[in-house]
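Visitor: run13.tsv (TSV, C-alpha atoms and all ligand atoms) pasted underneath:
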```
chain	number	residue	atom	x	y	z
A	1	MET	CA	-22.47	-66.37	7.33
A	2	GLU	CA	-24.99	-67.83	4.95
A	3	PHE	CA	-26.78	-65.86	2.31
A	4	GLN	CA	-30.13	-66.61	0.83
A	5	ASP	CA	-31.59	-65.43	-2.44
A	6	LYS	CA	-33.63	-62.36	-1.84
A	7	THR	CA	-36.34	-60.77	-3.95
A	8	ILE	CA	-36.12	-57.02	-4.39
A	9	ILE	CA	-38.48	-54.67	-6.21
A	10	CYS	CA	-36.66	-52.60	-8.82
A	11	LYS	CA	-36.81	-48.90	-8.11
A	12	ASP	CA	-36.93	-48.03	-11.82
A	13	CYS	CA	-39.24	-50.54	-13.51
A	14	GLY	CA	-41.06	-52.00	-10.50
A	15	ASN	CA	-40.24	-55.56	-11.48
A	16	GLU	CA	-39.08	-58.07	-8.94
A	17	PHE	CA	-35.56	-59.33	-9.29
A	18	VAL	CA	-33.45	-61.75	-7.32
A	19	PHE	CA	-30.48	-60.57	-5.33
A	20	THR	CA	-28.79	-63.92	-5.27
A	21	ALA	CA	-26.77	-65.42	-2.45
A	22	ASN	CA	-23.71	-65.22	-4.69
A	23	GLU	CA	-24.27	-61.53	-5.33
A	24	GLN	CA	-24.80	-60.89	-1.65
A	25	ALA	CA	-21.52	-62.61	-0.89
A	26	PHE	CA	-19.86	-60.47	-3.57
A	27	TYR	CA	-21.31	-57.30	-2.08
A	28	ARG	CA	-20.14	-58.31	1.37
A	29	GLU	CA	-16.69	-59.04	0.01
A	30	LYS	CA	-16.56	-55.57	-1.52
A	31	ASN	CA	-17.88	-54.01	1.68
A	32	LEU	CA	-20.91	-52.68	-0.11
A	33	GLU	CA	-23.47	-52.03	2.57
A	34	HIS	CA	-26.40	-51.20	0.37
A	35	GLU	CA	-28.41	-53.66	-1.60
A	36	PRO	CA	-28.98	-52.99	-5.28
A	37	LYS	CA	-32.05	-50.89	-5.92
A	38	ARG	CA	-32.47	-51.77	-9.56
A	39	CYS	CA	-32.76	-54.99	-11.52
A	40	LYS	CA	-29.96	-56.07	-13.75
A	41	ALA	CA	-31.74	-54.87	-16.88
A	42	CYS	CA	-32.06	-51.35	-15.47
A	43	ARG	CA	-28.50	-51.35	-14.20
A	44	ASP	CA	-27.27	-52.47	-17.62
A	45	LYS	CA	-29.36	-49.78	-19.22
A	46	LYS	CA	-27.86	-47.10	-16.98
A	47	LYS	CA	-24.42	-48.42	-17.69
A	48	ALA	CA	-25.07	-48.52	-21.43
A	49	GLU	CA	-26.29	-44.93	-21.31
A	50	ARG	CA	-23.05	-43.90	-19.68
A	51	ASP	CA	-20.87	-46.00	-21.96
A	52	ASN	CA	-22.66	-44.89	-25.14
A	53	HIS	CA	-22.63	-41.25	-24.29
A	54	SER	CA	-20.84	-40.28	-27.48
A	55	ASP	CA	-22.35	-43.03	-29.60
A	56	ASN	CA	-25.09	-41.75	-31.87
A	57	VAL	CA	-25.91	-44.95	-33.70
A	101	ZN	ZN	-35.68	-52.62	-13.38
```
Translate the structure of the given file into structure tokens.

Guide:
Amino acid sequence: MEFQDKTIICKDCGNEFVFTANEQAFYREKNLEHEPKRCKACRDKKKAERDNHSDNV
């Protein structure tokens, strides 16, 4: 099975981002059926919001 880089529109910011062949292979390996809906920046932001929940700085 060969993967090819794929361009996806981010659900949050509307920017295009690349779902790379490597990432697709990783998703397949993890049995993740759904493609990412958000770009990396938005995913990092979400993650940061969760991680910094008690951080007021
Ligand atoms: Zn985004």

Visitor: Restricting the calculation to all atoms listed in the file, which member of A:Glu23, A:Lys46, A:His34, A:Asp51 is positioned closest to Lys6 of chain A?

Guide: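 When distances to Lys6 of chain A are compared using all atoms listed in the file, the smallest one comes from A:Glu23.
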
Visitor: Throw together the list of residues within 7 Å of ligand ZN 101 (chain A), counting all atoms listed in the file, and drop it here as a list of chain:residue names.

Guide: A:Cys10, A:Lys11, A:Asp12, A:Cys13, A:Gly14, A:Asn15, A:Arg38, A:Cys39, A:Lys40, A:Ala41, A:Cys42

Visitor: Skipping near chain neighbours, those fewer than 5 positions away, what residues fall within 7 Å of Val18 of chain A using all atoms listed in the file, listed as a PDB file with C-alpha atoms, keeping the file's coordinate frame?

Guide:
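So result_33.pdb came out as:
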```
ATOM      1  CA  ASP A   5     -31.590 -65.430  -2.440  1.00  0.00           C
ATOM      2  CA  LYS A   6     -33.630 -62.360  -1.840  1.00  0.00           C
ATOM      3  CA  THR A   7     -36.340 -60.770  -3.950  1.00  0.00           C
ATOM      4  CA  ILE A   8     -36.120 -57.020  -4.390  1.00  0.00           C
TER       5      ILE A   8
END
```

Visitor: Of the residues A:Glu2, A:Arg50, A:Arg43, A:Glu16, which is the one nearest to Arg28 of chain A, using all atoms listed in the file?

Guide: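 Nearest candidate to Arg28 of chain A out of A:Glu2, A:Arg50, A:Arg43, A:Glu16: A:Glu2.
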
Visitor: Name the residues in contact with Ala21 of chain A at a cut-off of 7 Å, using only C-alpha atoms, excluding same-chain residues fewer than 3 positions from it; report them as a ChimeraX atom specification.

Guide: /A:3-5,24-25

Visitor: Please define a box with edges along x, y and z of the file around all atoms of segment 36-54 of chain A given in the file, extend it by 3 Å on each side, and return its centre and edge lengths in Å to one decimal, as AutoDock Vina command-line options.

Guide:
```
--center_x -26.8 --center_y -48.2 --center_z -16.4 --size_x 17.9 --size_y 21.8 --size_z 28.2
```

Visitor: Please measure the separation of atom CA of Glu35 of chain A and atom CA of Asn52 of chain A, giving the value in Å to one decimal.

Guide: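 We find that atom CA of Glu35 of chain A and atom CA of Asn52 of chain A lie 25.8 Å from each other.
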